[in-house]
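Undergrad: Have a look at this one before I ask anything.
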Amino acid sequence: MECSLCIHTEKTKKIINGLCVDCLTYKKYPPDFEKMKEEVEERLRKLRGTKDKCILSFSGGKDSVSALKMLVEDFKIKPLCVLVDNKYLAREAIENALNLAKHYNLNLLIINKDFTELFNDALSRGESPCRRCSRLIMRSVWKVAKSLNIKYIITGHELPFGHSAIRRMKEGVEMIRLLAPYRIKEEDKYKMIEHLNFKKPNLAGYTTNCLVLGLAIQRFYDKYGFSFEIDRIATMVRLGLLDKERAKKLVERPEVPLEVILELRKRGLRV
Ligand SMILES: [Zn+2]
C-alpha cells in the first residue's frame with residue numbers, strides 16, 4: 001500500500017487509512033509558510049544593501065545557487081560566500097561557485113577539508129554519510145561567522161526545520177534556510193538560475209554537487225532495500241516541490257556512472 005499524498009509505502013512508513021504517519025502529522029499540524037516568510041524577511045530587510053554582513057553557505061549546487069540569486073537580485077544583499085570543499089565536490093560545483101562570486105562581485109572563502117575517512121567509513125558500512133558531513137560543514141561555517149562577528153548564516157536547504165525556516169545555533173548565530181518558505185519546485189529552480197550559466201554535473205541521487213551521494217545510496221539500498229533519501233524526498237512531494245513520478249525515480253537504486261567511481265578512487269576513496 002502506498003501513501004496517497006507522498007511516496008512512502010508500507011516498507012518505509014506506517015500507513016493508516018491511506019496516509020503515512022508523516023502525512024497525517026502534516027495534515028494535523030500544517031506548517032505556516034506565510035509566517036516563515038515573515039520571519040525570514042524581517043531579518044533580511046535589516047541586511048538590505050550590505051556586503052559581507054551575512055554568510056551564504058555555498059556549495060555551487062542548484063540550491064545554494066538559487067539562494068544566492070534570491071539574496072542578491074531580490075533582497076539586494078551581498079553575502080560572504082563560504083564554500084567548504086570536503087575533497088568530494090563535483091568540479092562543476094566549484095566552477096559554479098567561482099563564476100558566481102565573480103559575476104556578482106562577492107567575496108568567496110574556500111575552506112579545504114578532507115572527508116575521506118568519513119566517507120570510507122560510511123560506504124564500507126552501507127550507512128548514510130550525509131548527517132555527519134553536513135554537521136562538519138556547518139561547524140566550519142559557524143566558526144567563520146563567529147570569528148567575523150556575523151550573526152546570520154543563510155543556506156540553500158529547501159525544507160524547513162519543522163515549522164520554522166530559522167534555527168538558533170550556538171552563541172547567537174542564526175541559520176536561515178532561505179528557500180524553505182517559498183517552496184520552489186525543482187524545475188522552477190533551474191529556470192531561476194538559467195541565466196547564470198549554471199553547470200550541472202552528471203550525478204546519481206538528488207544532488208548537483210556531491211560525488212559520493214549516489215554510491216552511498218547504492219550501498220545503503222543493497223543493505224536495507226530502500227534509499228536513505230526517502231524521508232527527504234517524500235517530504236518534498238508532500239510540500240509540492242517534486243512530483244510523484246520524478247520522486248519515485250529519485251528513490252530507486254541509483255546507477256553510478258563509471259567516471260564518478262574512477263574520480264572517487266582518484267580522490268582517495270577505497271571503492
Ligand atoms: Zn505520506
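Order determines the names: the first chain of the C-alpha cells is A, the second B, and so forth; residues in each chain are numbered 1 upward, and ligands are numbered 1 upward as they are shown.
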For ligand 1, list the contacting residues at 10 Å or closer, counting only C-alpha atoms and all ligand atoms, as a VMD selection string.

TA: chain A and resid 2 to 9 13 to 16 18 to 26 231 234 to 235 237 to 238

Undergrad: Check which residues of range 142-190 of chain A sit at most 10 Å from range 79-103 of chain A using only C-alpha atoms, and return one row each with the closest pair of atoms and their distance in Å to one decimal, ordered by chain and rising number, as CSV.

TA:
```
residue,atom,partner,partner_atom,distance
A:Val144,CA,A:Val82,CA,8.4
A:Ala145,CA,A:Val82,CA,9.7
A:Ile150,CA,A:Leu80,CA,9.8
A:Tyr152,CA,A:Pro79,CA,9.7
A:Ile153,CA,A:Pro79,CA,9.2
A:Ile154,CA,A:Pro79,CA,8.6
```

Undergrad: Using only C-alpha atoms, which of A:Phe119, A:Tyr190, A:Tyr206, A:Tyr182 sits nearest Arg270 in chain A?

TA: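 Nearest to Arg270 in chain A: A:Phe119.
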
Undergrad: Find the spatial neighbours of Pro257 in chain A, counting only C-alpha atoms, within a cut-off of 9 Å - ignore same-chain residues fewer than 6 positions away - and output them as number ranges by chain.

TA: A: 202-204

Undergrad: Taking only residues of range 39-84 of chain A that have an atom at most 10 Å from an atom of range 165-176 of chain A, what is each one's shortest atom pair and its distance in Å to one decimal, using only C-alpha atoms, in chain and number order, as JSON lines?

TA:
```
{"residue": "A:Glu39", "atom": "CA", "partner": "A:Ile166", "partner_atom": "CA", "distance": 7.9}
{"residue": "A:Val40", "atom": "CA", "partner": "A:Ile176", "partner_atom": "CA", "distance": 7.1}
{"residue": "A:Arg43", "atom": "CA", "partner": "A:Ile176", "partner_atom": "CA", "distance": 9.2}
{"residue": "A:Leu44", "atom": "CA", "partner": "A:Ile176", "partner_atom": "CA", "distance": 9.7}
{"residue": "A:Ile55", "atom": "CA", "partner": "A:Met175", "partner_atom": "CA", "distance": 9.5}
{"residue": "A:Leu56", "atom": "CA", "partner": "A:Ile176", "partner_atom": "CA", "distance": 9.5}
{"residue": "A:Ser57", "atom": "CA", "partner": "A:Met175", "partner_atom": "CA", "distance": 9.7}
```

Undergrad: I want to know what sits within 10 Å of range 125-136 of chain A, based on only C-alpha atoms, with residues of the same chain fewer than 2 positions away left out; could you give that as JSON, numbers by chain?

TA: {"A": [84, 86, 113, 115, 118, 119, 120, 121, 122, 123, 138, 139, 140, 141, 142, 212, 213, 215, 216, 217, 218, 219, 220, 221, 222, 223, 224, 227, 228, 229]}

Undergrad: May I have all residues of range 3-218 of chain A that DSSP, computed from the backbone, assigns to strand (DSSP E), given as a PDB file with N, CA, C and O atoms, in the first residue's frame?

TA:
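Written output follows (part15.pdb):
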```pdb
ATOM      1  N   ILE A  15       1.301   3.102   7.499  1.00  0.00           N
ATOM      2  CA  ILE A  15       0.240   3.769   6.749  1.00  0.00           C
ATOM      3  C   ILE A  15      -1.119   3.482   7.390  1.00  0.00           C
ATOM      4  O   ILE A  15      -1.457   2.339   7.684  1.00  0.00           O
ATOM      5  N   ILE A  16      -1.870   4.570   7.651  1.00  0.00           N
ATOM      6  CA  ILE A  16      -3.190   4.443   8.288  1.00  0.00           C
ATOM      7  C   ILE A  16      -4.231   5.124   7.393  1.00  0.00           C
ATOM      8  O   ILE A  16      -4.069   6.305   7.044  1.00  0.00           O
ATOM      9  N   LEU A  19      -2.938   7.148   4.387  1.00  0.00           N
ATOM     10  CA  LEU A  19      -1.909   8.177   4.573  1.00  0.00           C
ATOM     11  C   LEU A  19      -0.810   7.652   5.492  1.00  0.00           C
ATOM     12  O   LEU A  19      -1.095   6.969   6.476  1.00  0.00           O
ATOM     13  N   CYS A  20       0.448   8.021   5.176  1.00  0.00           N
ATOM     14  CA  CYS A  20       1.537   7.610   6.059  1.00  0.00           C
ATOM     15  C   CYS A  20       1.511   8.491   7.318  1.00  0.00           C
ATOM     16  O   CYS A  20       0.885   9.557   7.321  1.00  0.00           O
ATOM     17  N   LYS A  51      27.184  44.376   2.377  1.00  0.00           N
ATOM     18  CA  LYS A  51      28.104  43.375   1.815  1.00  0.00           C
ATOM     19  C   LYS A  51      28.881  42.730   2.957  1.00  0.00           C
ATOM     20  O   LYS A  51      29.309  43.421   3.882  1.00  0.00           O
ATOM     21  N   ASP A  52      29.026  41.416   2.896  1.00  0.00           N
ATOM     22  CA  ASP A  52      29.764  40.638   3.901  1.00  0.00           C
ATOM     23  C   ASP A  52      29.193  40.717   5.324  1.00  0.00           C
ATOM     24  O   ASP A  52      29.903  40.490   6.295  1.00  0.00           O
ATOM     25  N   LYS A  53      27.909  41.053   5.437  1.00  0.00           N
ATOM     26  CA  LYS A  53      27.299  41.113   6.781  1.00  0.00           C
ATOM     27  C   LYS A  53      26.549  39.832   7.125  1.00  0.00           C
ATOM     28  O   LYS A  53      26.071  39.656   8.239  1.00  0.00           O
ATOM     29  N   CYS A  54      26.392  38.972   6.139  1.00  0.00           N
ATOM     30  CA  CYS A  54      25.866  37.633   6.416  1.00  0.00           C
ATOM     31  C   CYS A  54      26.677  36.651   5.574  1.00  0.00           C
ATOM     32  O   CYS A  54      27.370  37.060   4.635  1.00  0.00           O
ATOM     33  N   ILE A  55      26.579  35.385   5.946  1.00  0.00           N
ATOM     34  CA  ILE A  55      27.318  34.347   5.212  1.00  0.00           C
ATOM     35  C   ILE A  55      26.334  33.522   4.404  1.00  0.00           C
ATOM     36  O   ILE A  55      25.243  33.200   4.880  1.00  0.00           O
ATOM     37  N   LEU A  56      26.715  33.181   3.196  1.00  0.00           N
ATOM     38  CA  LEU A  56      25.976  32.158   2.465  1.00  0.00           C
ATOM     39  C   LEU A  56      26.819  30.893   2.493  1.00  0.00           C
ATOM     40  O   LEU A  56      27.965  30.896   2.040  1.00  0.00           O
ATOM     41  N   SER A  57      26.252  29.837   3.037  1.00  0.00           N
ATOM     42  CA  SER A  57      26.929  28.542   2.980  1.00  0.00           C
ATOM     43  C   SER A  57      26.739  28.016   1.568  1.00  0.00           C
ATOM     44  O   SER A  57      25.639  27.651   1.162  1.00  0.00           O
ATOM     45  N   LYS A  78      24.635  41.342  -0.448  1.00  0.00           N
ATOM     46  CA  LYS A  78      25.823  40.649  -0.945  1.00  0.00           C
ATOM     47  C   LYS A  78      26.463  39.870   0.195  1.00  0.00           C
ATOM     48  O   LYS A  78      27.162  40.437   1.041  1.00  0.00           O
ATOM     49  N   PRO A  79      26.221  38.576   0.237  1.00  0.00           N
ATOM     50  CA  PRO A  79      26.759  37.784   1.349  1.00  0.00           C
ATOM     51  C   PRO A  79      28.236  37.470   1.151  1.00  0.00           C
ATOM     52  O   PRO A  79      28.750  37.552   0.035  1.00  0.00           O
ATOM     53  N   LEU A  80      28.894  37.127   2.243  1.00  0.00           N
ATOM     54  CA  LEU A  80      30.208  36.497   2.138  1.00  0.00           C
ATOM     55  C   LEU A  80      29.930  35.018   1.838  1.00  0.00           C
ATOM     56  O   LEU A  80      29.239  34.344   2.596  1.00  0.00           O
ATOM     57  N   CYS A  81      30.429  34.527   0.703  1.00  0.00           N
ATOM     58  CA  CYS A  81      30.181  33.128   0.351  1.00  0.00           C
ATOM     59  C   CYS A  81      31.256  32.253   0.984  1.00  0.00           C
ATOM     60  O   CYS A  81      32.441  32.528   0.823  1.00  0.00           O
ATOM     61  N   VAL A  82      30.836  31.236   1.693  1.00  0.00           N
ATOM     62  CA  VAL A  82      31.795  30.310   2.299  1.00  0.00           C
ATOM     63  C   VAL A  82      31.550  28.914   1.742  1.00  0.00           C
ATOM     64  O   VAL A  82      30.456  28.369   1.865  1.00  0.00           O
ATOM     65  N   LEU A  83      32.569  28.396   1.087  1.00  0.00           N
ATOM     66  CA  LEU A  83      32.457  27.062   0.498  1.00  0.00           C
ATOM     67  C   LEU A  83      33.411  26.119   1.219  1.00  0.00           C
ATOM     68  O   LEU A  83      34.607  26.363   1.260  1.00  0.00           O
ATOM     69  N   VAL A  84      32.848  25.097   1.840  1.00  0.00           N
ATOM     70  CA  VAL A  84      33.693  24.095   2.480  1.00  0.00           C
ATOM     71  C   VAL A  84      33.899  22.972   1.458  1.00  0.00           C
ATOM     72  O   VAL A  84      32.974  22.265   1.094  1.00  0.00           O
ATOM     73  N   ASP A  85      35.128  22.874   0.972  1.00  0.00           N
ATOM     74  CA  ASP A  85      35.443  21.843  -0.020  1.00  0.00           C
ATOM     75  C   ASP A  85      35.925  20.605   0.724  1.00  0.00           C
ATOM     76  O   ASP A  85      37.029  20.585   1.257  1.00  0.00           O
ATOM     77  N   LEU A 108      34.493  35.270  -1.791  1.00  0.00           N
ATOM     78  CA  LEU A 108      34.306  33.819  -1.655  1.00  0.00           C
ATOM     79  C   LEU A 108      35.466  33.250  -0.855  1.00  0.00           C
ATOM     80  O   LEU A 108      36.622  33.416  -1.228  1.00  0.00           O
ATOM     81  N   LEU A 109      35.101  32.609   0.257  1.00  0.00           N
ATOM     82  CA  LEU A 109      36.116  31.969   1.087  1.00  0.00           C
ATOM     83  C   LEU A 109      36.000  30.456   0.889  1.00  0.00           C
ATOM     84  O   LEU A 109      34.919  29.888   1.093  1.00  0.00           O
ATOM     85  N   ILE A 110      37.088  29.821   0.457  1.00  0.00           N
ATOM     86  CA  ILE A 110      37.059  28.371   0.289  1.00  0.00           C
ATOM     87  C   ILE A 110      37.872  27.722   1.398  1.00  0.00           C
ATOM     88  O   ILE A 110      39.034  28.069   1.612  1.00  0.00           O
ATOM     89  N   ILE A 111      37.232  26.824   2.140  1.00  0.00           N
ATOM     90  CA  ILE A 111      37.911  26.128   3.233  1.00  0.00           C
ATOM     91  C   ILE A 111      38.146  24.687   2.794  1.00  0.00           C
ATOM     92  O   ILE A 111      37.191  23.967   2.496  1.00  0.00           O
ATOM     93  N   ASN A 112      39.388  24.284   2.739  1.00  0.00           N
ATOM     94  CA  ASN A 112      39.690  22.921   2.291  1.00  0.00           C
ATOM     95  C   ASN A 112      39.706  21.938   3.452  1.00  0.00           C
ATOM     96  O   ASN A 112      40.418  22.125   4.436  1.00  0.00           O
ATOM     97  N   TYR A 152      24.213  35.958  10.883  1.00  0.00           N
ATOM     98  CA  TYR A 152      23.340  35.106  10.074  1.00  0.00           C
ATOM     99  C   TYR A 152      24.098  34.228   9.072  1.00  0.00           C
ATOM    100  O   TYR A 152      24.955  34.713   8.342  1.00  0.00           O
ATOM    101  N   ILE A 153      23.734  32.963   9.051  1.00  0.00           N
ATOM    102  CA  ILE A 153      24.235  32.033   8.033  1.00  0.00           C
ATOM    103  C   ILE A 153      23.037  31.607   7.192  1.00  0.00           C
ATOM    104  O   ILE A 153      22.080  31.021   7.703  1.00  0.00           O
ATOM    105  N   ILE A 154      23.077  31.946   5.903  1.00  0.00           N
ATOM    106  CA  ILE A 154      21.982  31.581   5.005  1.00  0.00           C
ATOM    107  C   ILE A 154      22.358  30.280   4.297  1.00  0.00           C
ATOM    108  O   ILE A 154      23.513  30.124   3.887  1.00  0.00           O
ATOM    109  N   THR A 155      21.406  29.395   4.161  1.00  0.00           N
ATOM    110  CA  THR A 155      21.691  28.161   3.424  1.00  0.00           C
ATOM    111  C   THR A 155      20.638  27.952   2.333  1.00  0.00           C
ATOM    112  O   THR A 155      19.585  28.572   2.334  1.00  0.00           O
ATOM    113  N   ILE A 166      14.168  29.033  10.458  1.00  0.00           N
ATOM    114  CA  ILE A 166      15.315  29.577  11.189  1.00  0.00           C
ATOM    115  C   ILE A 166      15.672  28.703  12.376  1.00  0.00           C
ATOM    116  O   ILE A 166      14.791  28.215  13.090  1.00  0.00           O
ATOM    117  N   ARG A 167      16.956  28.484  12.546  1.00  0.00           N
ATOM    118  CA  ARG A 167      17.406  27.733  13.721  1.00  0.00           C
ATOM    119  C   ARG A 167      18.495  28.526  14.436  1.00  0.00           C
ATOM    120  O   ARG A 167      19.408  29.053  13.816  1.00  0.00           O
ATOM    121  N   ARG A 168      18.349  28.587  15.752  1.00  0.00           N
ATOM    122  CA  ARG A 168      19.392  29.223  16.553  1.00  0.00           C
ATOM    123  C   ARG A 168      20.550  28.276  16.695  1.00  0.00           C
ATOM    124  O   ARG A 168      20.374  27.134  17.089  1.00  0.00           O
ATOM    125  N   GLU A 174      22.421  32.628  13.885  1.00  0.00           N
ATOM    126  CA  GLU A 174      21.193  32.001  13.397  1.00  0.00           C
ATOM    127  C   GLU A 174      21.392  31.460  11.982  1.00  0.00           C
ATOM    128  O   GLU A 174      22.033  32.098  11.152  1.00  0.00           O
ATOM    129  N   MET A 175      20.808  30.282  11.748  1.00  0.00           N
ATOM    130  CA  MET A 175      20.846  29.702  10.422  1.00  0.00           C
ATOM    131  C   MET A 175      19.493  29.937   9.760  1.00  0.00           C
ATOM    132  O   MET A 175      18.454  29.688  10.363  1.00  0.00           O
ATOM    133  N   ILE A 176      19.530  30.463   8.537  1.00  0.00           N
ATOM    134  CA  ILE A 176      18.287  30.747   7.820  1.00  0.00           C
ATOM    135  C   ILE A 176      18.216  29.875   6.569  1.00  0.00           C
ATOM    136  O   ILE A 176      19.084  29.963   5.695  1.00  0.00           O
ATOM    137  N   ARG A 177      17.217  29.045   6.491  1.00  0.00           N
ATOM    138  CA  ARG A 177      17.007  28.242   5.283  1.00  0.00           C
ATOM    139  C   ARG A 177      16.154  29.062   4.325  1.00  0.00           C
ATOM    140  O   ARG A 177      14.918  29.017   4.361  1.00  0.00           O
TER     141      ARG A 177
END
```
